[in-house]
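Novice: Pasting model.csv here (CSV, C-alpha atoms and all ligand atoms):
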chain,number,residue,atom,x,y,z
A,867,MET,CA,121.5,158.6,119.4
A,868,LYS,CA,124.5,156.3,119.0
A,869,LEU,CA,122.8,153.9,116.6
A,870,LYS,CA,120.9,156.4,114.4
A,871,GLY,CA,120.5,155.1,110.9
A,872,LYS,CA,121.5,151.6,111.8
A,873,THR,CA,119.6,148.3,111.5
A,874,ALA,CA,120.1,145.6,114.1
A,875,ILE,CA,118.9,142.0,114.3
A,876,ILE,CA,118.5,140.8,117.9
A,877,THR,CA,117.9,137.1,118.2
A,878,GLY,CA,115.8,136.2,121.3
A,879,GLY,CA,114.3,139.6,121.8
A,880,THR,CA,111.2,138.4,123.6
A,881,SER,CA,112.6,138.6,127.2
A,882,GLY,CA,115.6,139.1,129.4
A,883,ILE,CA,118.8,140.5,128.0
A,884,GLY,CA,117.5,140.5,124.4
A,885,LYS,CA,114.5,142.6,125.3
A,886,ALA,CA,116.6,145.0,127.4
A,887,THR,CA,119.0,145.4,124.5
A,888,ALA,CA,116.2,146.0,122.0
A,889,LEU,CA,114.8,148.8,124.2
A,890,ARG,CA,118.3,150.3,124.7
A,891,PHE,CA,119.0,150.1,121.0
A,892,ALA,CA,115.7,151.8,120.2
A,893,GLU,CA,116.5,154.6,122.6
A,894,GLU,CA,119.7,155.1,120.6
A,895,GLY,CA,117.8,155.3,117.3
A,896,ALA,CA,118.3,151.8,115.7
A,897,ASP,CA,115.7,150.2,113.6
A,898,LEU,CA,115.2,146.6,114.8
A,899,VAL,CA,114.3,143.1,113.8
A,900,ILE,CA,113.7,141.0,117.0
A,901,THR,CA,113.0,137.3,117.0
A,902,GLY,CA,111.8,134.5,119.3
A,903,ARG,CA,109.2,131.8,119.6
A,904,ARG,CA,106.8,133.5,122.1
A,905,VAL,CA,104.7,135.6,119.8
A,906,SER,CA,102.7,137.7,122.4
A,907,LEU,CA,105.9,138.7,124.2
A,908,GLY,CA,107.6,139.5,120.9
A,909,LYS,CA,104.7,141.6,119.8
A,910,ALA,CA,104.8,143.5,123.1
A,911,VAL,CA,108.5,144.3,122.8
A,912,GLU,CA,107.9,145.3,119.1
A,913,ALA,CA,105.3,147.8,120.3
A,914,GLU,CA,107.4,149.2,123.2
A,915,CYS,CA,110.4,149.7,120.9
A,916,SER,CA,108.2,151.3,118.2
A,917,SER,CA,106.9,153.7,120.8
A,918,LYS,CA,110.4,155.1,121.0
A,919,GLY,CA,110.2,156.4,117.5
A,920,VAL,CA,112.1,153.7,115.6
A,921,ARG,CA,110.8,150.9,113.3
A,922,CYS,CA,110.8,147.5,115.0
A,923,VAL,CA,109.6,144.2,113.4
A,924,PHE,CA,109.1,141.1,115.5
A,925,VAL,CA,109.7,137.9,113.5
A,926,GLU,CA,108.5,134.6,115.0
A,927,ALA,CA,111.4,132.3,114.6
A,928,ASP,CA,113.0,129.2,116.0
A,929,HIS,CA,116.8,129.6,115.5
A,930,SER,CA,117.4,125.9,115.6
A,931,LYS,CA,115.7,125.8,112.2
A,932,VAL,CA,117.8,126.7,109.1
A,933,GLU,CA,114.8,128.1,107.3
A,934,ASP,CA,113.8,130.4,110.2
A,935,CYS,CA,117.2,131.9,110.3
A,936,GLN,CA,117.2,132.6,106.6
A,937,ARG,CA,113.7,134.1,106.9
A,938,VAL,CA,114.8,136.5,109.6
A,939,VAL,CA,117.7,137.8,107.5
A,940,ASP,CA,115.5,138.1,104.4
A,941,ILE,CA,112.9,140.1,106.3
A,942,ALA,CA,115.6,142.4,107.7
A,943,ILE,CA,116.9,143.2,104.2
A,944,LYS,CA,113.4,143.5,102.7
A,945,GLU,CA,112.3,145.9,105.4
A,946,PHE,CA,115.4,148.0,105.9
A,947,GLY,CA,117.8,147.3,103.0
A,948,HIS,CA,120.9,146.8,105.2
A,949,ILE,CA,122.0,145.0,108.4
A,950,ASP,CA,124.6,146.8,110.5
A,951,ILE,CA,124.4,144.9,113.7
A,952,LEU,CA,123.7,141.3,114.6
A,953,PHE,CA,123.3,140.5,118.3
A,954,ASN,CA,123.4,136.7,118.6
A,955,ASN,CA,121.6,136.5,121.9
A,956,ALA,CA,119.1,133.6,121.8
A,957,GLY,CA,120.2,130.8,124.0
A,958,ILE,CA,119.1,128.3,126.6
A,959,VAL,CA,120.5,127.2,129.9
A,960,THR,CA,120.9,123.5,130.5
A,961,LYS,CA,122.2,121.5,133.4
A,962,GLY,CA,123.9,118.1,133.7
A,963,THR,CA,127.3,116.4,134.0
A,964,ALA,CA,128.9,114.3,131.4
A,965,GLU,CA,127.1,111.3,133.0
A,966,THR,CA,123.6,112.8,133.3
A,967,THR,CA,123.3,114.8,130.1
A,968,THR,CA,121.0,113.2,127.6
A,969,ASP,CA,121.5,113.2,123.9
A,970,GLU,CA,118.4,115.5,123.5
A,971,VAL,CA,119.7,118.1,125.9
A,972,TRP,CA,123.2,118.0,124.5
A,973,GLN,CA,121.9,118.4,120.9
A,974,SER,CA,119.3,121.1,121.6
A,975,THR,CA,121.9,123.1,123.6
A,976,MET,CA,124.5,123.0,120.8
A,977,ASP,CA,121.8,123.7,118.1
A,978,ILE,CA,120.7,127.0,119.6
A,979,ASN,CA,123.8,128.1,121.6
A,980,ILE,CA,126.4,127.4,119.0
A,981,THR,CA,125.0,126.5,115.6
A,982,ALA,CA,122.5,129.3,115.5
A,983,VAL,CA,125.3,131.8,116.3
A,984,TRP,CA,127.3,130.5,113.4
A,985,ARG,CA,124.4,130.2,111.0
A,986,MET,CA,123.0,133.8,111.7
A,987,SER,CA,126.6,135.1,111.3
A,988,LYS,CA,127.0,133.2,108.0
A,989,LEU,CA,123.8,134.7,106.7
A,990,VAL,CA,124.5,138.3,107.6
A,991,LEU,CA,128.2,138.4,106.7
A,992,PRO,CA,127.6,138.7,102.9
A,993,HIS,CA,125.5,141.8,103.5
A,994,MET,CA,128.0,143.3,105.9
A,995,LYS,CA,130.9,142.6,103.5
A,996,LYS,CA,129.0,144.3,100.6
A,997,GLN,CA,128.5,147.4,102.9
A,998,GLY,CA,132.2,147.2,103.9
A,999,LYS,CA,131.2,147.3,107.6
A,1000,GLY,CA,129.2,145.6,110.3
A,1001,VAL,CA,129.2,144.5,113.9
A,1002,ILE,CA,128.4,141.1,115.4
A,1003,VAL,CA,128.0,140.8,119.1
A,1004,ASN,CA,127.6,137.2,120.5
A,1005,ASN,CA,126.1,136.5,123.9
A,1006,GLY,CA,128.6,134.4,125.7
A,1007,SER,CA,128.8,134.0,129.5
A,1008,ASP,CA,131.3,134.2,132.3
A,1009,TRP,CA,131.3,130.4,131.6
A,1010,SER,CA,132.9,131.2,128.3
A,1011,VAL,CA,136.1,131.6,130.3
A,1012,VAL,CA,135.7,129.6,133.4
A,1013,ALA,CA,133.8,126.4,134.3
A,1014,SER,CA,131.5,125.3,137.1
A,1015,LYS,CA,129.6,122.2,138.2
A,1016,ASP,CA,126.5,120.5,136.8
A,1017,ALA,CA,126.1,122.6,133.6
A,1018,LEU,CA,128.3,120.7,131.2
A,1019,PRO,CA,126.4,121.2,127.9
A,1020,TYR,CA,125.8,124.9,128.6
A,1021,ILE,CA,129.5,125.5,129.6
A,1022,VAL,CA,130.7,123.7,126.5
A,1023,SER,CA,128.4,125.8,124.3
A,1024,LYS,CA,129.4,129.1,125.8
A,1025,GLY,CA,133.1,128.2,125.7
A,1026,ALA,CA,132.6,127.6,121.9
A,1027,VAL,CA,131.0,131.0,121.6
A,1028,GLY,CA,134.1,132.6,123.1
A,1029,LEU,CA,136.5,131.0,120.5
A,1030,MET,CA,134.0,131.4,117.6
A,1031,THR,CA,134.0,135.1,118.4
A,1032,LYS,CA,137.8,135.3,118.3
A,1033,ALA,CA,138.0,133.2,115.1
A,1034,MET,CA,135.3,135.2,113.3
A,1035,ALA,CA,137.0,138.5,114.4
A,1036,MET,CA,140.2,137.4,112.7
A,1037,ASP,CA,138.6,136.2,109.6
A,1038,HIS,CA,136.6,139.4,109.0
A,1039,ALA,CA,138.8,142.2,110.5
A,1040,ARG,CA,139.9,143.3,107.0
A,1041,ASP,CA,136.3,143.3,105.8
A,1042,GLY,CA,135.5,146.1,108.2
A,1043,ILE,CA,133.5,143.8,110.4
A,1044,ARG,CA,134.0,143.6,114.1
A,1045,VAL,CA,133.1,140.5,116.2
A,1046,ASN,CA,132.9,140.6,119.9
A,1047,ALA,CA,131.1,138.8,122.8
A,1048,VAL,CA,129.4,140.1,125.8
A,1049,CYS,CA,130.0,137.7,128.7
A,1050,PRO,CA,127.4,138.2,131.4
A,1051,GLY,CA,127.7,136.8,134.9
A,1052,ASP,CA,124.5,135.8,136.7
A,1053,THR,CA,121.9,138.3,135.5
A,1054,PHE,CA,118.4,138.3,137.1
A,1055,VAL,CA,115.8,137.7,134.3
A,1056,ASP,CA,112.1,136.9,134.5
A,1057,ARG,CA,112.8,133.4,133.3
A,1058,TRP,CA,114.5,132.6,136.6
A,1059,MET,CA,111.1,133.0,138.3
A,1060,GLU,CA,109.3,131.0,135.7
A,1061,LYS,CA,111.9,128.2,136.2
A,1062,GLY,CA,111.2,128.3,139.9
A,1063,TYR,CA,114.8,129.3,140.9
A,1064,PHE,CA,113.3,131.2,143.8
A,1065,GLU,CA,110.1,129.4,144.6
A,1066,ASP,CA,109.3,131.4,147.7
A,1067,SER,CA,107.0,134.1,146.3
A,1068,ASP,CA,106.7,136.1,149.6
A,1069,PRO,CA,108.1,139.5,148.5
A,1070,VAL,CA,110.0,140.0,151.8
A,1071,THR,CA,111.7,136.6,152.0
A,1072,LEU,CA,112.2,136.5,148.2
A,1073,GLU,CA,114.4,139.6,148.3
A,1074,GLN,CA,116.4,138.0,151.2
A,1075,ALA,CA,116.7,134.7,149.3
A,1076,ILE,CA,118.0,136.5,146.2
A,1077,LYS,CA,120.5,138.5,148.2
A,1078,GLU,CA,121.8,135.4,149.9
A,1079,ALA,CA,122.1,133.5,146.6
A,1080,SER,CA,124.2,136.3,145.1
A,1081,GLU,CA,126.6,136.5,148.1
A,1082,PHE,CA,129.3,134.7,146.1
A,1083,ILE,CA,129.6,137.6,143.6
A,1084,PRO,CA,132.2,140.2,144.7
A,1085,MET,CA,129.7,143.1,144.1
A,1086,GLY,CA,127.1,141.2,146.2
A,1087,ARG,CA,124.3,141.2,143.8
A,1088,PHE,CA,123.1,139.7,140.5
A,1089,GLY,CA,123.4,141.8,137.3
A,1090,LYS,CA,120.4,143.5,135.7
A,1091,PRO,CA,119.5,142.9,132.0
A,1092,GLU,CA,119.9,146.7,131.4
A,1093,GLU,CA,123.5,146.5,132.6
A,1094,ILE,CA,124.3,143.8,130.0
A,1095,ALA,CA,122.4,145.9,127.4
A,1096,ASN,CA,124.7,148.8,128.0
A,1097,ALA,CA,127.8,146.7,127.4
A,1098,VAL,CA,126.2,145.3,124.2
A,1099,LEU,CA,125.5,148.9,123.1
A,1100,PHE,CA,129.2,149.8,123.6
A,1101,LEU,CA,130.3,146.8,121.5
A,1102,ALA,CA,127.7,147.5,118.8
A,1103,SER,CA,128.4,151.3,118.5
A,1104,ASP,CA,131.3,153.2,117.0
A,1105,GLU,CA,132.6,153.9,120.5
A,1106,SER,CA,134.3,150.4,120.3
A,1107,SER,CA,135.6,151.0,116.8
A,1108,TYR,CA,139.1,149.5,117.6
A,1109,VAL,CA,137.7,146.5,119.6
A,1110,THR,CA,137.4,143.1,117.9
A,1111,GLY,CA,137.8,139.6,119.1
A,1112,HIS,CA,137.1,140.7,122.7
A,1113,LEU,CA,135.2,138.9,125.4
A,1114,LEU,CA,133.7,141.6,127.6
A,1115,LEU,CA,133.0,140.2,131.0
A,1116,VAL,CA,130.1,141.9,132.8
A,1117,ASP,CA,129.9,139.9,135.9
A,1118,GLY,CA,130.2,142.0,139.1
A,1119,GLY,CA,133.8,140.8,139.5
A,1120,ASN,CA,132.9,137.0,139.6
A,1121,THR,CA,135.7,135.9,137.3
A,1122,ALA,CA,138.2,138.1,139.1
A,1123,GLN,CA,138.2,135.9,142.2
B,1,LIG,N1,120.7,135.5,132.7
B,1,LIG,C1,121.9,135.1,132.9
B,1,LIG,O1,122.4,135.0,134.0
B,1,LIG,C2,122.9,134.9,131.7
B,1,LIG,C3,124.3,134.8,132.0
B,1,LIG,C4,125.1,134.6,131.0
B,1,LIG,C5,124.7,134.5,129.7
B,1,LIG,N2,123.3,134.6,129.4
B,1,LIG,C6,122.9,134.5,128.0
B,1,LIG,O2,122.0,135.5,127.7
B,1,LIG,C7,121.2,135.1,126.6
B,1,LIG,C8,119.8,135.5,126.9
B,1,LIG,O3,119.3,134.8,128.0
B,1,LIG,P1,118.4,135.5,129.2
B,1,LIG,O4,119.2,135.3,130.4
B,1,LIG,O5,118.1,136.9,128.8
B,1,LIG,O6,117.2,134.6,129.3
B,1,LIG,P2,115.8,134.5,128.6
B,1,LIG,O7,114.9,135.6,129.1
B,1,LIG,O8,115.3,133.1,128.7
B,1,LIG,O9,116.1,134.9,127.0
B,1,LIG,C9,116.4,133.9,126.1
B,1,LIG,C10,116.0,134.4,124.7
B,1,LIG,O10,116.4,133.4,123.8
B,1,LIG,C11,115.3,133.1,123.0
B,1,LIG,N3,115.4,131.7,122.5
B,1,LIG,C12,115.7,130.6,123.1
B,1,LIG,N4,115.7,129.5,122.3
B,1,LIG,C13,115.3,130.0,121.1
B,1,LIG,C14,115.1,129.4,119.8
B,1,LIG,N5,115.3,128.1,119.6
B,1,LIG,N6,114.7,130.2,118.8
B,1,LIG,C15,114.6,131.5,119.0
B,1,LIG,N7,114.8,132.2,120.2
B,1,LIG,C16,115.1,131.4,121.2
B,1,LIG,C17,114.1,133.2,123.9
B,1,LIG,O11,112.9,133.5,123.1
B,1,LIG,P3,111.6,132.5,123.0
B,1,LIG,O12,111.6,131.7,124.3
B,1,LIG,O13,110.5,133.5,122.8
B,1,LIG,O14,111.9,131.7,121.8
B,1,LIG,C18,114.4,134.5,124.7
B,1,LIG,O15,114.1,135.6,124.0
B,1,LIG,C19,121.4,133.6,126.5
B,1,LIG,O16,122.3,133.3,125.4
B,1,LIG,C20,122.1,133.2,127.8
B,1,LIG,O17,122.9,132.1,127.7
B,1,LIG,C21,122.4,134.8,130.4
Would you write the structure of this file as structure tokens?

Specialist:
Amino acid sequence: MKLKGKTAIITGGTSGIGKATALRFAEEGADLVITGRRVSLGKAVEAECSSKGVRCVFVEADHSKVEDCQRVVDIAIKEFGHIDILFNNAGIVTKGTAETTTDEVWQSTMDINITAVWRMSKLVLPHMKKQGKGVIVNNGSDWSVVASKDALPYIVSKGAVGLMTKAMAMDHARDGIRVNAVCPGDTFVDRWMEKGYFEDSDPVTLEQAIKEASEFIPMGRFGKPEEIANAVLFLASDESSYVTGHLLLVDGGNTAQ
């Protein structure tokens, strides 16, 4: 029970890495506020976390809206009285080069992947400062530290998350607040299927297609959301008490090559 007695906000807890982290945190005893726009999925995660013996509240929220961010923090304080952990996880993946990226895609990517991370941090920091302690974990990417092709807005946003993490860590180190980032490599989440990344639905060839697509990774496979959740747990718990300003790559060795 590494998080017993703590309250955590997880933005984007309706699926993927956020959902896996919510379940992992619940197993470790944390009370939770999870957010997202898809209400039925959020309610299902709320119920699954609650069944592990903690209190979990799902808040429907769009983190590109200022008022929704404020409401999430207000509800966390009203329900639990303190916020010990913020996992800034909500994010979108967008593609494009400098030439092909539209204004809309650029702005929506920055709004959720960068501005919401800053805004949620700004809103919880006064509470953490009052407590004299707190932990913020941002969800970066292996593309916080290296670039690739045809994903310019996403890469720019995740690069910004990397340096925002370090800058916030320096600003708040003496407040007892640690700020780190988990930087996942390619992690197989349900959304990949929804987006049609592997359109072949035949279970046998699908497995082969996924295996071939992951050949570029030194470990020869994509990550699992639960593996990222374990790294978030380390950064969120007292086990990382002397770690701040760190970008923890969890990428099967991808950025080592
Ligand atoms: N999977 C990977 O390979 C990978 C690699 C590196 C980094 N990441 C990062 O991991 C994070 C989670 O992504 P995922 O892979 O787990 O995919 P996912 O299943 O699509 O999760 C994204 C989460 O963000 C939420 N979200 C998106 N826009 C939002 C908004 N405007 N307001 C509130 N919530 C919003 C979604 O909730 P709703 O749709 O319900 O709003 C969902 O819960 C992202 O920051 C992503 O960049 C993922």

Novice: Within 7 Å of stretch 886-902 of chain A, counting all atoms listed in the file, which residues qualify if same-chain residues fewer than 2 places away don't, as a ChimeraX atom specification?

Specialist: /A:867-880,882-884,904,908,915,918,920-928,942,1091-1092,1095,1099

Novice: With distances taken over all atoms listed in the file, which residue among A:Asn954, A:Thr981, A:Thr1110, A:Ser917 lies nearest A:Ala1033?

Specialist: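 Comparing A:Asn954, A:Thr981, A:Thr1110, A:Ser917 against A:Ala1033, the winner is A:Thr1110.
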
Novice: So, counting only C-alpha atoms and all ligand atoms, which residue among A:Lys885, A:Lys1090, A:His929, A:Lys944 is closest to ligand LIG 1 (chain B)?

Specialist: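 When distances to ligand LIG 1 (chain B) are compared using only C-alpha atoms and all ligand atoms, the smallest one comes from A:His929.
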
Novice: Between atom C21 of ligand LIG 1 (chain B) and atom CA of A:Ala1039, what is the distance in Å, rounded to a tenth?

Specialist: 26.8 Å

Novice: I'd like a table as CSV: residues in stretch 920-1018 of chain A with an atom no more than 8 Å from stretch 1042-1060 of chain A, each row giving the shortest atom pair and its distance in Å to one decimal, only C-alpha atoms counted, sorted by chain and rising residue number.

Specialist:
residue,atom,partner,partner_atom,distance
A:Met994,CA,A:Ile1043,CA,7.1
A:Lys995,CA,A:Gly1042,CA,7.4
A:Gly998,CA,A:Gly1042,CA,5.5
A:Lys999,CA,A:Gly1042,CA,4.5
A:Gly1000,CA,A:Ile1043,CA,4.7
A:Val1001,CA,A:Arg1044,CA,4.9
A:Ile1002,CA,A:Val1045,CA,4.8
A:Val1003,CA,A:Asn1046,CA,5.0
A:Asn1004,CA,A:Ala1047,CA,4.5
A:Asn1005,CA,A:Val1048,CA,5.2
A:Gly1006,CA,A:Cys1049,CA,4.7
A:Ser1007,CA,A:Cys1049,CA,4.0
A:Asp1008,CA,A:Gly1051,CA,5.1
A:Trp1009,CA,A:Cys1049,CA,8.0
A:Ser1010,CA,A:Cys1049,CA,7.1

Novice: Produce a file of the selected residues containing C-alpha atoms, as a PDB file, in the coordinates of the input.

Specialist:
ATOM      1  CA  MET A 994     128.000 143.300 105.900  1.00  0.00           C
ATOM      2  CA  LYS A 995     130.900 142.600 103.500  1.00  0.00           C
ATOM      3  CA  GLY A 998     132.200 147.200 103.900  1.00  0.00           C
ATOM      4  CA  LYS A 999     131.200 147.300 107.600  1.00  0.00           C
ATOM      5  CA  GLY A1000     129.200 145.600 110.300  1.00  0.00           C
ATOM      6  CA  VAL A1001     129.200 144.500 113.900  1.00  0.00           C
ATOM      7  CA  ILE A1002     128.400 141.100 115.400  1.00  0.00           C
ATOM      8  CA  VAL A1003     128.000 140.800 119.100  1.00  0.00           C
ATOM      9  CA  ASN A1004     127.600 137.200 120.500  1.00  0.00           C
ATOM     10  CA  ASN A1005     126.100 136.500 123.900  1.00  0.00           C
ATOM     11  CA  GLY A1006     128.600 134.400 125.700  1.00  0.00           C
ATOM     12  CA  SER A1007     128.800 134.000 129.500  1.00  0.00           C
ATOM     13  CA  ASP A1008     131.300 134.200 132.300  1.00  0.00           C
ATOM     14  CA  TRP A1009     131.300 130.400 131.600  1.00  0.00           C
ATOM     15  CA  SER A1010     132.900 131.200 128.300  1.00  0.00           C
TER      16      SER A1010
END

Novice: What is the distance between atom CA of A:Gly957 and atom CA of A:Lys1077, in Å to one decimal?

Specialist: 25.4 Å

Novice: Would you work out the distance separating atom CA of A:Val905 from atom O6 of ligand LIG 1 (chain B), expressed in Å to one decimal?

Specialist: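 Atom-to-atom, atom CA of A:Val905 to atom O6 of ligand LIG 1 (chain B), that is 15.7 Å.
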
Novice: Which residue out of A:Glu912, A:Asp1016, A:Asp950, A:Asp934 has the minimum interatomic distance to ligand LIG 1 (chain B) when only C-alpha atoms and all ligand atoms are used?

Specialist: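 Distance minimum relative to ligand LIG 1 (chain B) lands on A:Asp934.
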
Novice: Using all atoms listed in the file, determine which residues lie at most 12 Å from A:Lys1015, disregarding the query and same-chain residues fewer than 3 positions distant; provide the list as an NGL selection string.

Specialist: :A and (960-964 or 1009 or 1012 or 1018-1022)

Novice: Take the residues from that selection and write them out as an mmCIF file, in the coordinates of the input, keeping C-alpha atoms.

Specialist:
data_model
loop_
_atom_site.group_PDB
_atom_site.id
_atom_site.type_symbol
_atom_site.label_atom_id
_atom_site.label_comp_id
_atom_site.auth_asym_id
_atom_site.auth_seq_id
_atom_site.Cartn_x
_atom_site.Cartn_y
_atom_site.Cartn_z
ATOM 1 C CA THR A 960 120.900 123.500 130.500
ATOM 2 C CA LYS A 961 122.200 121.500 133.400
ATOM 3 C CA GLY A 962 123.900 118.100 133.700
ATOM 4 C CA THR A 963 127.300 116.400 134.000
ATOM 5 C CA ALA A 964 128.900 114.300 131.400
ATOM 6 C CA TRP A 1009 131.300 130.400 131.600
ATOM 7 C CA VAL A 1012 135.700 129.600 133.400
ATOM 8 C CA LEU A 1018 128.300 120.700 131.200
ATOM 9 C CA PRO A 1019 126.400 121.200 127.900
ATOM 10 C CA TYR A 1020 125.800 124.900 128.600
ATOM 11 C CA ILE A 1021 129.500 125.500 129.600
ATOM 12 C CA VAL A 1022 130.700 123.700 126.500
#

Novice: Select, counting only C-alpha atoms, all protein, DNA and RNA residues no farther than 12 Å from (126.1, 128.5, 118.7) in file coordinates, and express the selection as a ChimeraX atom specification.

Specialist: /A:877,929-930,954-958,973-988,1004-1006,1019-1031

Novice: When you count all atoms listed in the file, which of these residues is closest to ligand LIG 1 (chain B): A:Gly1089, A:Gly1111, A:Gly1119, A:Pro992?

Specialist: A:Gly1089
